[in-house]
Amino acid sequence: MSVTPVCAFDELADGTARKFVVDGVAVAVVRIGTDVYAIGDVCSHANVSLSEGEVWCDEKEIECWKHGSSFSLVTGEPQTLPAIKPVPVYVAR
């Protein structure tokens, strides 16, 4: 497994997502308190950037701004319709 630094922890605002491109793949990096999550940045329902959506800290989810699907930051599984396919998740530290 390779490690690709994208930013310092202090550069991530708590409760927000930032988009990074790693080896040609768009990844949304999310900070919630002292935890960091990395999830595929493209909604599985439509070609929309998840990093532009809202982060639900208590649920550890990110919501697609276009159609309202939310995804678990832990598993990538959709939590609400219309998305039915998961998005990839990555190890973040």
# chains A, B, ... in the order shown; residues from 1 in each chain; ligands from 1
>>> residues_around(residues="Asp23 of chain A", least_positions_apart="2", cutoff="12 Å", atoms="only C-alpha atoms", output="PyMOL selection string")
chain A and resi 2-6+20-21+25-27
>>> write_last_selection(atoms="N, CA, C and O atoms", output="PDB file, in the first residue's frame")
ATOM      1  N   SER A   2       0.661   2.133  -0.926  1.00  0.00           N
ATOM      2  CA  SER A   2       1.440   3.360  -0.981  1.00  0.00           C
ATOM      3  C   SER A   2       0.737   4.476  -0.208  1.00  0.00           C
ATOM      4  O   SER A   2      -0.483   4.469  -0.066  1.00  0.00           O
ATOM      5  N   VAL A   3       1.525   5.398   0.275  1.00  0.00           N
ATOM      6  CA  VAL A   3       1.008   6.542   1.014  1.00  0.00           C
ATOM      7  C   VAL A   3       1.256   7.787   0.175  1.00  0.00           C
ATOM      8  O   VAL A   3       2.367   8.015  -0.301  1.00  0.00           O
ATOM      9  N   THR A   4       0.209   8.585   0.004  1.00  0.00           N
ATOM     10  CA  THR A   4       0.317   9.823  -0.764  1.00  0.00           C
ATOM     11  C   THR A   4      -0.131  10.983   0.106  1.00  0.00           C
ATOM     12  O   THR A   4      -1.324  11.142   0.362  1.00  0.00           O
ATOM     13  N   PRO A   5       0.814  11.788   0.592  1.00  0.00           N
ATOM     14  CA  PRO A   5       0.411  12.954   1.385  1.00  0.00           C
ATOM     15  C   PRO A   5      -0.346  13.955   0.512  1.00  0.00           C
ATOM     16  O   PRO A   5       0.040  14.227  -0.621  1.00  0.00           O
ATOM     17  N   VAL A   6      -1.466  14.475   1.051  1.00  0.00           N
ATOM     18  CA  VAL A   6      -2.234  15.479   0.310  1.00  0.00           C
ATOM     19  C   VAL A   6      -2.264  16.821   1.028  1.00  0.00           C
ATOM     20  O   VAL A   6      -2.395  17.854   0.389  1.00  0.00           O
ATOM     21  N   PHE A  20      -9.156  16.268  -3.395  1.00  0.00           N
ATOM     22  CA  PHE A  20      -7.781  16.101  -3.845  1.00  0.00           C
ATOM     23  C   PHE A  20      -7.801  15.084  -4.974  1.00  0.00           C
ATOM     24  O   PHE A  20      -8.666  14.212  -5.021  1.00  0.00           O
ATOM     25  N   VAL A  21      -6.855  15.187  -5.884  1.00  0.00           N
ATOM     26  CA  VAL A  21      -6.709  14.195  -6.940  1.00  0.00           C
ATOM     27  C   VAL A  21      -5.437  13.413  -6.648  1.00  0.00           C
ATOM     28  O   VAL A  21      -4.352  13.983  -6.563  1.00  0.00           O
ATOM     29  N   VAL A  25      -7.288   9.978  -9.404  1.00  0.00           N
ATOM     30  CA  VAL A  25      -8.577   9.658  -8.788  1.00  0.00           C
ATOM     31  C   VAL A  25      -8.993  10.792  -7.852  1.00  0.00           C
ATOM     32  O   VAL A  25      -8.223  11.195  -6.982  1.00  0.00           O
ATOM     33  N   ALA A  26     -10.217  11.302  -8.022  1.00  0.00           N
ATOM     34  CA  ALA A  26     -10.738  12.356  -7.145  1.00  0.00           C
ATOM     35  C   ALA A  26     -11.143  11.734  -5.808  1.00  0.00           C
ATOM     36  O   ALA A  26     -11.889  10.751  -5.774  1.00  0.00           O
ATOM     37  N   VAL A  27     -10.628  12.307  -4.726  1.00  0.00           N
ATOM     38  CA  VAL A  27     -10.887  11.810  -3.381  1.00  0.00           C
ATOM     39  C   VAL A  27     -11.348  12.977  -2.512  1.00  0.00           C
ATOM     40  O   VAL A  27     -10.732  14.053  -2.531  1.00  0.00           O
TER      41      VAL A  27
END
>>> residues_around(residues="Leu50 of chain A", least_positions_apart="5", cutoff="9 Å", atoms="only C-alpha atoms", output="PyMOL selection string")
chain A and resi 17+19+27-28+39-43+62-65
>>> residues_around(residues="Gly76 of chain A", least_positions_apart="6", cutoff="10 Å", atoms="only C-alpha atoms", output="PDB file with all heavy atoms, in the first residue's frame")
ATOM      1  N   ALA A  38     -11.313   9.346   3.991  1.00  0.00           N
ATOM      2  CA  ALA A  38     -11.089   9.567   2.559  1.00  0.00           C
ATOM      3  C   ALA A  38     -12.073   8.698   1.801  1.00  0.00           C
ATOM      4  O   ALA A  38     -12.179   7.493   2.041  1.00  0.00           O
ATOM      5  CB  ALA A  38      -9.657   9.219   2.188  1.00  0.00           C
ATOM      6  N   ILE A  39     -12.818   9.322   0.908  1.00  0.00           N
ATOM      7  CA  ILE A  39     -13.889   8.632   0.183  1.00  0.00           C
ATOM      8  C   ILE A  39     -13.860   9.105  -1.268  1.00  0.00           C
ATOM      9  O   ILE A  39     -13.472  10.244  -1.548  1.00  0.00           O
ATOM     10  CB  ILE A  39     -15.255   8.940   0.860  1.00  0.00           C
ATOM     11  CG1 ILE A  39     -16.381   8.098   0.292  1.00  0.00           C
ATOM     12  CG2 ILE A  39     -15.582  10.418   0.830  1.00  0.00           C
ATOM     13  CD1 ILE A  39     -17.680   8.155   1.112  1.00  0.00           C
ATOM     14  N   GLY A  40     -14.241   8.220  -2.171  1.00  0.00           N
ATOM     15  CA  GLY A  40     -14.319   8.626  -3.576  1.00  0.00           C
ATOM     16  C   GLY A  40     -15.158   9.881  -3.712  1.00  0.00           C
ATOM     17  O   GLY A  40     -16.223   9.979  -3.112  1.00  0.00           O
ATOM     18  N   SER A  44     -22.135   8.017  -6.700  1.00  0.00           N
ATOM     19  CA  SER A  44     -22.414   6.852  -7.549  1.00  0.00           C
ATOM     20  C   SER A  44     -23.738   6.973  -8.306  1.00  0.00           C
ATOM     21  O   SER A  44     -24.001   6.201  -9.215  1.00  0.00           O
ATOM     22  CB  SER A  44     -22.419   5.575  -6.710  1.00  0.00           C
ATOM     23  OG  SER A  44     -23.451   5.608  -5.732  1.00  0.00           O
ATOM     24  N   GLU A  61     -21.270  10.926   7.761  1.00  0.00           N
ATOM     25  CA  GLU A  61     -21.756  10.807   6.395  1.00  0.00           C
ATOM     26  C   GLU A  61     -21.467  12.089   5.627  1.00  0.00           C
ATOM     27  O   GLU A  61     -21.262  13.152   6.222  1.00  0.00           O
ATOM     28  CB  GLU A  61     -23.270  10.561   6.370  1.00  0.00           C
ATOM     29  CG  GLU A  61     -23.692   9.256   6.978  1.00  0.00           C
ATOM     30  CD  GLU A  61     -25.204   9.082   7.030  1.00  0.00           C
ATOM     31  OE1 GLU A  61     -25.940   9.942   6.515  1.00  0.00           O
ATOM     32  OE2 GLU A  61     -25.643   8.072   7.607  1.00  0.00           O
ATOM     33  N   ILE A  62     -21.467  11.955   4.313  1.00  0.00           N
ATOM     34  CA  ILE A  62     -21.369  13.112   3.427  1.00  0.00           C
ATOM     35  C   ILE A  62     -22.544  13.044   2.466  1.00  0.00           C
ATOM     36  O   ILE A  62     -22.911  11.965   1.993  1.00  0.00           O
ATOM     37  CB  ILE A  62     -20.010  13.152   2.683  1.00  0.00           C
ATOM     38  CG1 ILE A  62     -19.825  14.500   1.977  1.00  0.00           C
ATOM     39  CG2 ILE A  62     -19.844  11.972   1.743  1.00  0.00           C
ATOM     40  CD1 ILE A  62     -18.400  14.764   1.518  1.00  0.00           C
ATOM     41  N   SER A  70     -26.800  10.374   0.702  1.00  0.00           N
ATOM     42  CA  SER A  70     -25.687  10.486   1.638  1.00  0.00           C
ATOM     43  C   SER A  70     -24.956   9.157   1.690  1.00  0.00           C
ATOM     44  O   SER A  70     -25.547   8.088   1.453  1.00  0.00           O
ATOM     45  CB  SER A  70     -26.174  10.903   3.030  1.00  0.00           C
ATOM     46  OG  SER A  70     -27.007   9.921   3.582  1.00  0.00           O
ATOM     47  N   LYS A  85     -25.483   2.387  -5.169  1.00  0.00           N
ATOM     48  CA  LYS A  85     -24.157   1.778  -5.244  1.00  0.00           C
ATOM     49  C   LYS A  85     -23.199   2.528  -4.312  1.00  0.00           C
ATOM     50  O   LYS A  85     -23.265   3.755  -4.212  1.00  0.00           O
ATOM     51  CB  LYS A  85     -23.613   1.836  -6.665  1.00  0.00           C
ATOM     52  CG  LYS A  85     -24.416   1.016  -7.648  1.00  0.00           C
ATOM     53  CD  LYS A  85     -23.824   1.123  -9.033  1.00  0.00           C
ATOM     54  CE  LYS A  85     -24.683   0.362 -10.040  1.00  0.00           C
ATOM     55  NZ  LYS A  85     -24.183   0.519 -11.396  1.00  0.00           N
ATOM     56  N   PRO A  86     -22.296   1.789  -3.660  1.00  0.00           N
ATOM     57  CA  PRO A  86     -21.328   2.442  -2.783  1.00  0.00           C
ATOM     58  C   PRO A  86     -20.257   3.189  -3.576  1.00  0.00           C
ATOM     59  O   PRO A  86     -20.095   2.966  -4.777  1.00  0.00           O
ATOM     60  CB  PRO A  86     -20.714   1.283  -2.000  1.00  0.00           C
ATOM     61  CG  PRO A  86     -20.858   0.113  -2.902  1.00  0.00           C
ATOM     62  CD  PRO A  86     -22.136   0.330  -3.677  1.00  0.00           C
ATOM     63  N   VAL A  87     -19.549   4.050  -2.894  1.00  0.00           N
ATOM     64  CA  VAL A  87     -18.365   4.706  -3.437  1.00  0.00           C
ATOM     65  C   VAL A  87     -17.159   4.159  -2.679  1.00  0.00           C
ATOM     66  O   VAL A  87     -17.302   3.682  -1.548  1.00  0.00           O
ATOM     67  CB  VAL A  87     -18.448   6.249  -3.329  1.00  0.00           C
ATOM     68  CG1 VAL A  87     -19.563   6.788  -4.206  1.00  0.00           C
ATOM     69  CG2 VAL A  87     -18.641   6.697  -1.908  1.00  0.00           C
ATOM     70  N   PRO A  88     -15.980   4.194  -3.276  1.00  0.00           N
ATOM     71  CA  PRO A  88     -14.811   3.622  -2.593  1.00  0.00           C
ATOM     72  C   PRO A  88     -14.406   4.458  -1.382  1.00  0.00           C
ATOM     73  O   PRO A  88     -14.613   5.685  -1.356  1.00  0.00           O
ATOM     74  CB  PRO A  88     -13.735   3.636  -3.657  1.00  0.00           C
ATOM     75  CG  PRO A  88     -14.166   4.652  -4.655  1.00  0.00           C
ATOM     76  CD  PRO A  88     -15.657   4.692  -4.604  1.00  0.00           C
ATOM     77  N   VAL A  89     -13.847   3.791  -0.397  1.00  0.00           N
ATOM     78  CA  VAL A  89     -13.241   4.477   0.742  1.00  0.00           C
ATOM     79  C   VAL A  89     -11.769   4.089   0.799  1.00  0.00           C
ATOM     80  O   VAL A  89     -11.376   3.028   0.292  1.00  0.00           O
ATOM     81  CB  VAL A  89     -13.937   4.134   2.074  1.00  0.00           C
ATOM     82  CG1 VAL A  89     -15.339   4.700   2.119  1.00  0.00           C
ATOM     83  CG2 VAL A  89     -13.962   2.651   2.337  1.00  0.00           C
ATOM     84  N   TYR A  90     -10.970   4.955   1.378  1.00  0.00           N
ATOM     85  CA  TYR A  90      -9.532   4.772   1.438  1.00  0.00           C
ATOM     86  C   TYR A  90      -9.051   4.977   2.874  1.00  0.00           C
ATOM     87  O   TYR A  90      -9.690   5.692   3.637  1.00  0.00           O
ATOM     88  CB  TYR A  90      -8.827   5.756   0.506  1.00  0.00           C
ATOM     89  CG  TYR A  90      -9.368   5.718  -0.914  1.00  0.00           C
ATOM     90  CD1 TYR A  90     -10.340   6.616  -1.331  1.00  0.00           C
ATOM     91  CD2 TYR A  90      -8.923   4.759  -1.818  1.00  0.00           C
ATOM     92  CE1 TYR A  90     -10.849   6.576  -2.616  1.00  0.00           C
ATOM     93  CE2 TYR A  90      -9.429   4.710  -3.100  1.00  0.00           C
ATOM     94  CZ  TYR A  90     -10.390   5.620  -3.511  1.00  0.00           C
ATOM     95  OH  TYR A  90     -10.893   5.572  -4.770  1.00  0.00           O
TER      96      TYR A  90
END
>>> select_by_dssp(residues="chain A", states="helix (DSSP H, G or I)", output="list of chain:residue names")
A:Phe9, A:Asp10, A:Glu11, A:Leu50, A:Ser51, A:Glu52
>>> write_last_selection(atoms="C-alpha atoms", output="mmCIF file, in the first residue's frame")
data_model
loop_
_atom_site.group_PDB
_atom_site.id
_atom_site.type_symbol
_atom_site.label_atom_id
_atom_site.label_comp_id
_atom_site.auth_asym_id
_atom_site.auth_seq_id
_atom_site.Cartn_x
_atom_site.Cartn_y
_atom_site.Cartn_z
ATOM 1 C CA PHE A 9 -4.052 17.761 9.336
ATOM 2 C CA ASP A 10 -4.256 21.444 10.380
ATOM 3 C CA GLU A 11 -5.196 22.380 6.811
ATOM 4 C CA LEU A 50 -19.248 14.816 -3.012
ATOM 5 C CA SER A 51 -16.710 17.231 -1.508
ATOM 6 C CA GLU A 52 -19.080 20.061 -2.435
#
>>> atom_distance(atom1="atom CA of Gly53 of chain A", atom2="atom CA of Lys66 of chain A")
8.2 Å
>>> atom_distance(atom1="atom CA of Gly68 of chain A", atom2="atom CA of Arg93 of chain A")
27.6 Å
>>> select_by_dssp(residues="chain A", states="strand (DSSP E or B)", output="PyMOL selection string")
chain A and resi 16-22+25-32+35-40+42+49+54-56+61-63+70-72+78+89-90
>>> closest_residue(among="A:Val30, A:Val36, A:Ala83, A:Val74", to="Glu54 of chain A", atoms="only C-alpha atoms")
A:Val30
>>> closest_residue(among="A:Ala46, A:Val91, A:Leu12, A:Val22", to="Leu73 of chain A", atoms="only C-alpha atoms")
A:Val91
>>> closest_residue(among="A:Thr34, A:Val29, A:Ser69, A:Gly24", to="Cys7 of chain A", atoms="only C-alpha atoms")
A:Val29
